[in-house]
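Structure data (compact mmCIF, C-alpha atoms) from run_36.txt:
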```txt
# COMPACT_ATOMS: atom_id res chain seq x y z
CA MET A 1 16.91 -75.25 -14.28
CA ALA A 2 17.60 -73.90 -10.82
CA TRP A 3 19.48 -70.68 -10.42
CA SER A 4 23.08 -71.03 -9.31
CA GLU A 5 26.11 -68.82 -8.93
CA GLU A 6 27.69 -70.68 -11.84
CA MET A 7 25.06 -69.20 -14.15
CA SER A 8 26.02 -65.69 -13.21
CA MET A 9 29.74 -66.01 -13.91
CA PRO A 10 30.85 -64.93 -17.39
CA VAL A 11 34.18 -66.00 -18.87
CA SER A 12 35.83 -62.68 -18.01
CA GLU A 13 35.18 -60.42 -15.04
CA SER A 14 33.56 -57.81 -17.26
CA GLY A 15 31.09 -60.28 -18.65
CA GLY A 16 32.02 -61.48 -22.14
CA ALA A 17 34.63 -62.06 -24.80
CA GLN A 18 37.14 -59.24 -25.03
CA LEU A 19 38.04 -57.65 -28.34
CA ARG A 20 41.53 -58.46 -29.49
CA GLY A 21 43.93 -55.66 -28.88
CA THR A 22 42.21 -54.25 -25.81
CA ASN A 23 45.66 -53.85 -24.24
CA GLN A 24 47.04 -52.20 -27.35
CA SER A 25 46.49 -48.75 -28.82
CA GLY A 26 43.14 -47.00 -28.80
CA MET A 27 43.32 -46.77 -32.59
CA ARG A 28 43.35 -50.56 -32.91
CA ILE A 29 40.29 -50.83 -30.67
CA TYR A 30 38.52 -48.11 -32.65
CA ASN A 31 39.24 -49.84 -35.97
CA GLU A 32 37.94 -53.15 -34.63
CA LYS A 33 34.74 -51.47 -33.45
CA LEU A 34 34.43 -49.61 -36.75
CA ILE A 35 34.54 -52.84 -38.75
CA LEU A 36 32.09 -54.61 -36.44
CA THR A 37 29.74 -51.62 -36.62
CA LEU A 38 29.84 -51.61 -40.42
CA LEU A 39 29.08 -55.33 -40.55
CA ARG A 40 26.17 -54.92 -38.16
CA ARG A 41 24.75 -51.94 -40.01
CA PHE A 42 25.15 -53.11 -43.61
CA GLY A 43 25.46 -56.87 -43.35
CA ALA A 44 28.02 -59.23 -44.82
CA MET A 45 30.69 -57.79 -47.11
CA PRO A 46 34.14 -58.78 -48.38
CA LYS A 47 37.34 -57.39 -46.95
CA SER A 48 37.85 -55.33 -50.09
CA GLU A 49 34.62 -53.43 -49.40
CA LEU A 50 35.60 -52.94 -45.76
CA THR A 51 38.94 -51.59 -46.93
CA ARG A 52 37.20 -49.09 -49.18
CA MET A 53 34.69 -47.96 -46.57
CA THR A 54 37.14 -47.62 -43.68
CA GLY A 55 40.04 -46.12 -45.60
CA LEU A 56 42.36 -48.59 -43.88
CA SER A 57 45.00 -50.52 -45.76
CA ALA A 58 44.15 -53.97 -47.07
CA GLN A 59 46.80 -55.45 -44.80
CA THR A 60 45.37 -53.75 -41.70
CA VAL A 61 41.86 -54.94 -42.49
CA SER A 62 43.13 -58.49 -43.06
CA VAL A 63 44.94 -58.52 -39.73
CA ILE A 64 41.89 -57.17 -37.87
CA MET A 65 39.51 -59.59 -39.58
CA ARG A 66 41.79 -62.52 -38.78
CA GLY A 67 41.79 -61.53 -35.13
CA LEU A 68 38.02 -61.04 -34.99
CA GLU A 69 37.50 -64.38 -36.70
CA ASN A 70 39.79 -66.13 -34.21
CA ASP A 71 37.80 -64.55 -31.40
CA GLY A 72 34.57 -65.93 -32.86
CA LEU A 73 33.09 -62.50 -33.54
CA VAL A 74 32.89 -62.80 -37.33
CA LEU A 75 32.55 -65.70 -39.73
CA ARG A 76 33.18 -66.35 -43.39
CA GLY A 77 30.42 -66.75 -45.92
CA GLU A 78 30.45 -68.70 -49.16
CA PRO A 79 32.87 -67.28 -51.77
CA VAL A 80 31.20 -65.23 -54.49
CA ARG A 81 32.71 -65.57 -57.96
CA GLY A 82 32.81 -62.53 -60.19
CA ARG A 83 33.49 -62.32 -63.90
CA ILE A 84 37.21 -61.78 -63.37
CA GLY A 85 39.74 -62.30 -60.62
CA GLN A 86 39.60 -64.33 -57.46
CA PRO A 87 36.25 -64.98 -55.76
CA SER A 88 35.44 -62.64 -52.88
CA THR A 89 34.49 -64.02 -49.49
CA PRO A 90 31.90 -62.01 -47.54
CA MET A 91 32.49 -61.62 -43.82
CA ALA A 92 29.62 -61.26 -41.37
CA LEU A 93 28.99 -60.99 -37.67
CA ASP A 94 28.78 -64.36 -35.99
CA PRO A 95 25.32 -64.47 -34.36
CA ASP A 96 26.81 -66.55 -31.53
CA GLY A 97 29.79 -64.23 -31.15
CA VAL A 98 28.18 -62.06 -28.47
CA PHE A 99 24.88 -62.08 -26.60
CA SER A 100 23.18 -59.49 -24.43
CA ILE A 101 20.21 -59.21 -22.11
CA GLY A 102 17.78 -56.31 -22.39
CA MET A 103 14.96 -55.38 -20.03
CA LYS A 104 12.35 -52.67 -20.49
CA ILE A 105 10.47 -51.41 -17.47
CA GLY A 106 7.23 -49.75 -18.46
CA ARG A 107 4.37 -48.22 -16.52
CA ARG A 108 2.09 -51.20 -17.17
CA SER A 109 4.39 -53.98 -18.39
CA ALA A 110 7.98 -55.15 -18.51
CA ALA A 111 9.77 -57.11 -21.21
CA LEU A 112 13.04 -59.02 -21.29
CA VAL A 113 14.95 -60.31 -24.31
CA LEU A 114 18.02 -62.37 -25.04
CA MET A 115 19.58 -60.88 -28.18
CA ASP A 116 22.43 -62.18 -30.33
CA PHE A 117 25.17 -60.18 -32.05
CA THR A 118 23.11 -59.57 -35.19
CA GLY A 119 20.15 -58.16 -33.25
CA ALA A 120 17.97 -61.28 -33.51
CA ILE A 121 15.84 -62.05 -30.46
CA ARG A 122 16.56 -65.55 -29.13
CA MET A 123 14.11 -65.36 -26.21
CA GLN A 124 11.48 -62.92 -24.99
CA GLU A 125 9.52 -62.73 -21.73
CA ARG A 126 6.81 -60.28 -20.68
CA VAL A 127 4.92 -59.46 -17.51
CA HIS A 128 1.97 -57.11 -16.86
CA TYR A 129 1.07 -55.24 -13.68
CA ARG A 130 -0.88 -52.26 -12.36
CA TYR A 131 2.31 -50.37 -11.57
CA PRO A 132 6.03 -51.30 -11.38
CA LEU A 133 7.82 -51.88 -8.09
CA PRO A 134 11.57 -52.54 -7.69
CA GLY A 135 11.24 -55.92 -5.95
CA ARG A 136 8.94 -57.34 -8.64
CA MET A 137 11.20 -56.04 -11.40
CA MET A 138 14.26 -57.70 -9.88
CA GLU A 139 12.32 -60.95 -9.53
CA PHE A 140 11.30 -60.74 -13.20
CA LEU A 141 14.91 -60.07 -14.24
CA ARG A 142 16.29 -62.93 -12.17
CA GLU A 143 13.72 -65.35 -13.58
CA GLY A 144 14.49 -64.10 -17.08
CA LEU A 145 18.22 -64.61 -16.62
CA GLU A 146 17.57 -68.17 -15.50
CA LYS A 147 15.51 -68.85 -18.64
CA ALA A 148 18.12 -67.17 -20.82
CA ARG A 149 20.84 -69.33 -19.27
CA GLY A 150 18.82 -72.37 -20.26
CA GLN A 151 18.88 -71.21 -23.89
CA LEU A 152 22.69 -71.09 -24.11
CA ASP A 153 25.52 -73.55 -23.60
CA ASP A 154 28.46 -72.73 -21.33
CA VAL A 155 30.55 -71.14 -24.09
CA GLN A 156 27.66 -69.00 -25.31
CA TRP A 157 26.80 -67.89 -21.78
CA GLY A 158 30.39 -66.78 -21.36
CA ARG A 159 29.83 -64.45 -24.30
CA VAL A 160 26.98 -62.49 -22.69
CA ALA A 161 28.23 -58.91 -22.72
CA GLY A 162 25.92 -57.58 -20.04
CA ILE A 163 22.45 -56.42 -19.10
CA GLY A 164 20.86 -53.28 -20.51
CA ILE A 165 17.98 -51.65 -18.63
CA ALA A 166 15.52 -49.24 -20.26
CA ALA A 167 13.47 -47.46 -17.62
CA PRO A 168 11.64 -44.15 -17.23
CA PHE A 169 13.54 -41.68 -15.10
CA GLU A 170 12.02 -40.59 -11.79
CA LEU A 171 9.27 -43.19 -11.64
CA TRP A 172 8.42 -41.98 -8.14
CA ASN A 173 7.08 -38.73 -9.62
CA TRP A 174 4.14 -40.41 -11.43
CA PRO A 175 2.01 -42.19 -8.79
CA GLU A 176 -1.19 -40.29 -9.62
CA GLN A 177 -1.02 -41.03 -13.35
CA LEU A 178 -0.13 -44.66 -12.66
CA GLY A 179 -2.85 -45.11 -10.08
CA ALA A 180 -0.17 -46.28 -7.66
CA PRO A 181 0.30 -45.59 -3.95
CA ALA A 182 2.82 -42.79 -3.63
CA ALA A 183 4.48 -44.46 -0.65
CA GLU A 184 5.18 -47.62 -2.67
CA MET A 185 6.54 -45.71 -5.67
CA GLU A 186 8.96 -43.89 -3.36
CA ALA A 187 10.96 -47.14 -3.32
CA TRP A 188 12.35 -46.12 -6.73
CA ARG A 189 13.88 -42.88 -5.44
CA ASP A 190 16.97 -44.47 -3.86
CA PHE A 191 16.96 -47.66 -5.91
CA SER A 192 20.28 -48.63 -7.55
CA PHE A 193 20.04 -51.07 -10.45
CA GLY A 194 23.75 -51.85 -10.27
CA GLU A 195 23.74 -52.69 -6.57
CA GLU A 196 20.56 -54.75 -6.65
CA ILE A 197 21.41 -56.73 -9.78
CA ALA A 198 24.89 -57.45 -8.40
CA ARG A 199 23.15 -59.53 -5.72
CA PHE A 200 22.46 -62.32 -8.23
CA THR A 201 24.78 -61.82 -11.24
CA ARG A 202 28.20 -60.47 -12.05
CA LEU A 203 27.17 -59.34 -15.51
CA PRO A 204 27.81 -55.62 -16.04
CA VAL A 205 24.73 -53.41 -16.02
CA PHE A 206 23.94 -50.46 -18.29
CA VAL A 207 20.96 -48.19 -17.57
CA GLU A 208 19.36 -45.64 -19.90
CA ASN A 209 16.09 -43.77 -20.21
CA ASP A 210 13.49 -45.90 -21.98
CA ALA A 211 12.72 -43.35 -24.70
CA SER A 212 16.44 -42.88 -25.41
CA CYS A 213 16.77 -46.66 -25.74
CA ALA A 214 13.88 -46.71 -28.21
CA CYS A 215 15.53 -43.93 -30.19
CA GLY A 216 18.78 -45.90 -30.22
CA ALA A 217 17.03 -48.99 -31.56
CA GLU A 218 15.44 -46.95 -34.36
CA ASN A 219 18.82 -45.45 -35.17
CA VAL A 220 20.43 -48.90 -35.48
CA PHE A 221 17.66 -51.17 -36.76
CA GLY A 222 15.03 -48.92 -38.29
CA LEU A 223 14.33 -45.98 -40.58
CA GLY A 224 16.81 -43.91 -38.60
CA ARG A 225 19.61 -45.50 -40.63
CA GLU A 226 18.54 -43.33 -43.56
CA TYR A 227 18.97 -40.02 -41.72
CA SER A 228 21.93 -38.30 -40.11
CA ASP A 229 19.71 -36.02 -38.02
CA PHE A 230 16.21 -36.75 -36.75
CA ALA A 231 13.86 -36.14 -33.85
CA TYR A 232 12.19 -39.22 -32.43
CA PHE A 233 8.91 -39.45 -30.55
CA PHE A 234 7.87 -42.62 -28.72
CA VAL A 235 4.22 -42.64 -27.62
CA GLY A 236 4.15 -44.86 -24.57
CA SER A 237 2.11 -44.60 -21.39
CA PHE A 238 3.85 -41.21 -21.26
CA ILE A 239 5.35 -39.80 -24.44
CA GLY A 240 9.11 -39.38 -24.63
CA GLY A 241 11.69 -39.07 -27.34
CA GLY A 242 15.25 -38.70 -28.47
CA VAL A 243 17.53 -36.59 -30.62
CA VAL A 244 19.99 -37.94 -33.20
CA LEU A 245 22.66 -35.60 -34.58
CA ASN A 246 25.28 -36.67 -37.11
CA GLY A 247 24.18 -40.27 -36.66
CA ALA A 248 24.67 -40.29 -32.87
CA ILE A 249 22.15 -40.01 -30.06
CA PHE A 250 22.52 -36.67 -28.31
CA THR A 251 21.47 -36.88 -24.66
CA GLY A 252 22.62 -33.45 -23.51
CA ARG A 253 24.29 -32.19 -20.35
CA THR A 254 21.91 -33.92 -17.93
CA GLY A 255 20.66 -36.71 -20.20
CA ASN A 256 17.31 -35.00 -20.79
CA ALA A 257 17.75 -34.01 -24.44
CA GLY A 258 14.71 -35.32 -26.26
CA ALA A 259 12.45 -35.14 -23.21
CA PHE A 260 9.73 -33.94 -25.54
CA GLY A 261 6.92 -34.71 -23.13
CA THR A 262 7.50 -31.33 -21.50
CA LEU A 263 6.98 -29.37 -24.72
CA PRO A 264 4.21 -26.76 -24.32
CA ILE A 265 1.33 -27.57 -26.68
CA ARG A 266 -1.48 -25.08 -27.35
CA HIS A 267 -4.53 -26.46 -29.15
CA HIS A 268 -7.06 -24.18 -30.78
CA ASP A 269 -9.91 -25.44 -28.60
CA ARG A 270 -8.39 -25.43 -25.11
CA LYS A 271 -5.75 -23.91 -22.86
CA GLY A 272 -2.11 -24.74 -23.28
CA ASP A 273 -0.64 -27.85 -21.68
CA GLN A 274 2.32 -30.15 -22.23
CA LEU A 275 2.72 -32.76 -24.94
CA ILE A 276 2.59 -35.49 -22.31
CA ASP A 277 -0.96 -34.41 -21.43
CA SER A 278 -2.37 -34.92 -24.92
CA ALA A 279 -0.18 -37.46 -26.74
CA SER A 280 0.29 -40.25 -24.19
CA ILE A 281 -1.47 -43.59 -23.95
CA PHE A 282 -2.44 -42.83 -20.35
CA VAL A 283 -4.73 -40.11 -21.78
CA LEU A 284 -6.63 -42.74 -23.77
CA GLU A 285 -6.64 -45.01 -20.72
CA THR A 286 -8.16 -42.23 -18.60
CA ARG A 287 -10.86 -41.50 -21.18
CA LEU A 288 -11.81 -45.16 -21.35
CA LYS A 289 -12.11 -45.37 -17.58
CA GLU A 290 -14.32 -42.26 -17.55
CA ALA A 291 -16.56 -43.95 -20.13
CA GLY A 292 -16.84 -47.06 -17.97
CA ILE A 293 -14.66 -49.16 -20.28
CA ASP A 294 -11.98 -51.52 -18.99
CA PRO A 295 -8.68 -50.20 -20.46
CA SER A 296 -6.56 -53.27 -19.59
CA PRO A 297 -6.62 -54.66 -23.19
CA LEU A 298 -4.43 -51.67 -24.12
CA TRP A 299 -1.49 -53.62 -22.74
CA LEU A 300 -2.91 -57.16 -22.39
CA ASP A 301 -4.11 -57.37 -26.01
CA PRO A 302 -1.83 -55.01 -27.97
CA ASP A 303 -3.44 -55.90 -31.32
CA GLY A 304 -7.04 -55.47 -30.22
CA TRP A 305 -7.44 -51.71 -29.95
CA ASP A 306 -10.30 -51.54 -32.47
CA ARG A 307 -12.70 -52.38 -29.64
CA PHE A 308 -12.11 -48.90 -28.20
CA GLU A 309 -13.78 -46.92 -30.97
CA PRO A 310 -14.86 -44.12 -31.13
CA HIS A 311 -12.62 -43.07 -28.23
CA LEU A 312 -9.60 -44.41 -30.10
CA SER A 313 -10.23 -42.21 -33.16
CA ASP A 314 -10.66 -39.10 -31.01
CA TRP A 315 -7.38 -39.83 -29.20
CA ILE A 316 -5.55 -40.48 -32.48
CA GLU A 317 -6.65 -37.12 -33.90
CA MET A 318 -5.59 -35.27 -30.75
CA THR A 319 -2.27 -37.11 -30.65
CA GLY A 320 -1.61 -36.37 -34.32
CA GLU A 321 -2.38 -32.67 -33.87
CA SER A 322 -0.12 -32.49 -30.82
CA LEU A 323 2.72 -34.20 -32.65
CA ALA A 324 2.39 -31.79 -35.57
CA ILE A 325 2.73 -28.83 -33.19
CA ALA A 326 5.67 -30.51 -31.46
CA ALA A 327 7.34 -31.27 -34.79
CA VAL A 328 7.24 -27.60 -35.78
CA SER A 329 8.68 -26.66 -32.39
CA VAL A 330 11.65 -29.03 -32.52
CA CYS A 331 12.38 -28.32 -36.19
CA SER A 332 12.46 -24.60 -35.35
CA VAL A 333 15.44 -25.32 -33.09
CA ILE A 334 17.27 -27.94 -35.18
CA ASP A 335 16.77 -28.43 -38.91
CA PHE A 336 15.98 -32.14 -38.62
CA GLU A 337 15.83 -34.24 -41.77
CA ALA A 338 12.88 -36.15 -40.34
CA VAL A 339 10.60 -36.52 -37.35
CA LEU A 340 10.05 -40.22 -36.63
CA VAL A 341 7.06 -41.45 -34.62
CA ASP A 342 6.74 -44.81 -32.88
CA GLY A 343 5.01 -46.16 -29.81
CA GLY A 344 3.55 -48.98 -27.81
CA PHE A 345 0.53 -49.44 -30.03
CA PRO A 346 -0.60 -51.65 -32.94
CA ALA A 347 1.05 -50.89 -36.28
CA ALA A 348 -2.25 -49.72 -37.76
CA VAL A 349 -2.69 -47.20 -34.94
CA GLY A 350 0.81 -45.88 -35.59
CA GLU A 351 -0.01 -45.34 -39.26
CA ARG A 352 -3.18 -43.47 -38.34
CA ILE A 353 -1.35 -41.23 -35.87
CA VAL A 354 1.27 -40.28 -38.46
CA ALA A 355 -1.45 -39.61 -41.04
CA ALA A 356 -3.27 -37.38 -38.53
CA ALA A 357 -0.04 -35.52 -37.76
CA ARG A 358 0.60 -34.86 -41.44
CA ARG A 359 -2.94 -33.56 -41.93
CA SER A 360 -2.55 -31.29 -38.93
CA LEU A 361 0.58 -29.75 -40.40
CA ASP A 362 -1.67 -28.00 -42.90
CA THR A 363 -3.35 -26.16 -40.02
CA VAL A 364 -0.16 -25.35 -38.09
CA ASP A 365 1.90 -22.26 -38.87
CA TRP A 366 5.34 -23.50 -39.89
CA GLN A 367 6.28 -20.37 -41.82
CA GLY A 368 10.01 -19.68 -41.60
CA ILE A 369 11.09 -23.33 -41.61
CA GLU A 370 10.84 -26.23 -44.04
CA LYS A 371 7.72 -28.30 -43.56
CA PRO A 372 8.60 -31.10 -41.09
CA ASN A 373 9.02 -34.53 -42.64
CA ILE A 374 6.94 -36.70 -40.30
CA GLN A 375 7.50 -40.44 -40.84
CA ARG A 376 6.38 -43.66 -39.19
CA ALA A 377 9.33 -45.30 -37.43
CA GLU A 378 10.01 -48.95 -38.24
CA VAL A 379 11.10 -50.82 -35.10
CA GLY A 380 7.74 -50.74 -33.31
CA ALA A 381 6.67 -51.52 -29.77
CA ASN A 382 9.82 -53.57 -29.07
CA ALA A 383 12.06 -50.54 -29.61
CA ARG A 384 12.70 -49.90 -25.92
CA VAL A 385 13.77 -53.42 -25.01
CA LEU A 386 15.87 -53.82 -28.19
CA GLY A 387 17.59 -50.56 -27.40
CA ALA A 388 18.25 -51.79 -23.88
CA ALA A 389 19.79 -55.03 -25.17
CA SER A 390 22.03 -53.00 -27.47
CA LEU A 391 23.57 -50.99 -24.61
CA PRO A 392 26.14 -53.67 -23.59
CA LEU A 393 27.05 -54.32 -27.23
CA PHE A 394 27.80 -50.67 -27.94
CA ALA A 395 29.70 -50.32 -24.70
CA ARG A 396 31.97 -53.25 -25.53
CA TYR A 397 32.06 -53.95 -29.25
CA LEU A 398 30.47 -51.26 -31.40
CA LEU A 399 30.74 -47.54 -32.05
CA SER A 400 28.12 -45.46 -30.30
CA HIS A 401 27.39 -43.43 -33.43
CA ALA A 402 25.83 -44.62 -36.66
CA ILE A 403 27.91 -45.15 -39.78
CA ASN A 404 26.45 -44.20 -43.15
CA ARG A 405 27.82 -45.63 -46.36
CA LYS A 406 28.35 -42.18 -47.83
CA GLU A 407 30.27 -41.11 -44.71
CA ALA A 408 32.40 -44.23 -44.57
CA ALA A 409 33.19 -44.22 -48.29
```

Hey, can you dump this file as structure tokens for me?
Amino acid sequence: MAWSEEMSMPVSESGGAQLRGTNQSGMRIYNEKLILTLLRRFGAMPKSELTRMTGLSAQTVSVIMRGLENDGLVLRGEPVRGRIGQPSTPMALDPDGVFSIGMKIGRRSAALVLMDFTGAIRMQERVHYRYPLPGRMMEFLREGLEKARGQLDDVQWGRVAGIGIAAPFELWNWPEQLGAPAAEMEAWRDFSFGEEIARFTRLPVFVENDASCACGAENVFGLGREYSDFAYFFVGSFIGGGVVLNGAIFTGRTGNAGAFGTLPIRHHDRKGDQLIDSASIFVLETRLKEAGIDPSPLWLDPDGWDRFEPHLSDWIEMTGESLAIAAVSVCSVIDFEAVLVDGGFPAAVGERIVAAARRSLDTVDWQGIEKPNIQRAEVGANARVLGAASLPLFARYLLSHAINRKEAA
């Protein structure tokens, strides 16, 4: 299907179906988002349960649910009969109620997804390269939008809420590590996603740091749902992270909260350096190159890392030790319930890194604080692009902070 301006025009100027009541009070909008957030987080439930969890009156919940159902954002399930009384009818998010586009720009690859309202991926595209350049990324996005348009009918396309972009900040500062010409990477310095994407679509654009997006995905879809406060490490080409406090991502005054790659790390066998210098995939890539081994399967064959032994095992042990030191550091500042670890690696490698980090805790001095609870995150390598796709949904339809059952009760 050829690209046309018609493809880029959503039903409304802002790019998707509006919530009912957007011209009414802020409280009405909040309550609508609260109910949608609960349904996304906990799945289908009857109006009686929503009434209990929100503290709203049964009449208010009924009115809101009727409006959301008329807007095509929620749908009714099959009635469930209990032992007594009338059967209850569970309400759930309509998968076709809202869609979003997410794109992750990485140091060696980019990914694009079309995601529905329940978080299911309807389409996924991926491209690999030596280093990312703005023009190629915009070409990849435009081609992805064309393919996504082909997956949806006109009504569904009108319900696309926007485009979320997960990208490392200040890409122009990493030419040496990327093996890229500094002059070419300078193109990122003055690049504006909003202005460039507006050249071929009217969909609204939301941009966030890639590690923060990954943290957001873990908070919504993964193990993060079990904790109110946690530190999150994502081991990508360069390690990054995020901070969740009271169920919400905390980005800080300048958006750099959770930039854990800058943490000073002192190992027992060498001088101090930063976490990024010992717990990033580019470190393994560099070691493989020095050994005369082609590192490209690290991103071209993400399940075939076993071929890199024994270099892989050495890197895993160093990464685990570094993460243990970092975990003690961050838990000394905030009493996190957990430290979650994820990354762009095979699941088995993630398990080994977490095991190495836990072992290293026995050799790290954490006196004065509770021993950090290091856990393997659940979302996996797709965390960054899923987090990106969630940005438009949270901006338009959902609450930006997590809702726990015990808090909503």

(message) I'd like the interatomic distance between CA of Arg76 (chain A) and CA of Asp154 (chain A), to a tenth of an Å.
(response) 23.4 Å

(message) Env of region 357-366 of chain A: 9 Å cut, atoms = all atoms listed in the file, seq-sep filter 5 positions within chain, self excluded. Answer as a list of chain:residue names.
(response)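 My list of contacting residues is A:Glu317, A:Met318, A:Thr319, A:Gly320, A:Glu321, A:Ser322, A:Leu323, A:Ala324, A:Ile325, A:Ala327, A:Val328, A:Ser329, A:Ser332, A:Arg352, A:Lys371, A:Pro372, A:Asn373, A:Ile374, A:Gln375.
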
Contact table region 95-117 of chain A vs region 379-389 of chain A, cut-off 7 Å, shortest pair per residue, all atoms listed in the file, as CSV:
```
residue,atom,partner,partner_atom,distance
A:Ser100,CA,A:Ala389,CA,5.7
A:Ile101,CA,A:Ala389,CA,5.2
A:Gly102,CA,A:Ala389,CA,3.7
A:Met103,CA,A:Val385,CA,5.5
A:Lys104,CA,A:Val385,CA,4.8
A:Ala111,CA,A:Val385,CA,6.6
A:Leu112,CA,A:Val385,CA,6.8
A:Met115,CA,A:Ala389,CA,6.6
```

(request) Could you check how far CA of Ala347 (chain A) sits from CA of Phe42 (chain A), in Å to one decimal? (result)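 That distance, rounded to one decimal, is 25.3 Å.
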
(message) What's around Ala338 (chain A) at 12 Å? Count only C-alpha atoms, leave out sequence neighbours fewer than 5 positions away in its own chain, and write the answer as a list of chain:residue names.
(response)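 These residues fall inside the cut-off: A:Leu223, A:Gly224, A:Arg225, A:Glu226, A:Tyr227, A:Ser228, A:Asp229, A:Phe230, A:Ala231, A:Tyr232, A:Phe233, A:Val243, A:Val244, A:Leu245, A:Ala327, A:Val328, A:Val330, A:Cys331, A:Glu370, A:Lys371, A:Pro372, A:Asn373, A:Ile374, A:Gln375, A:Arg376, A:Ala377.
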
(request) Would you mind telling me which residue in A:Pro132, A:Arg52, A:His311, A:Val155 lies nearest to Gly72 (chain A) when using all atoms listed in the file? (result) A:Val155

(request) Quote the spacing between CA of Met91 (chain A) and CA of Leu152 (chain A) in Å to one decimal place. (result)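 About the pair CA of Met91 (chain A) and CA of Leu152 (chain A): they are 24.0 Å apart.
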
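Proximity ranking of A:Ala355, A:Leu398, A:Ala92, A:Val333 relative to Gly368 (chain A) places A:Val333 first, based on only C-alpha atoms.
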
(message) Using only C-alpha atoms - which residues lie no farther than 7 Å from the point (0.6, -42.1, -22.9) in the file's frame? Write them as an NGL selection string.
(response) :A and (235-239 or 276 or 279-283)
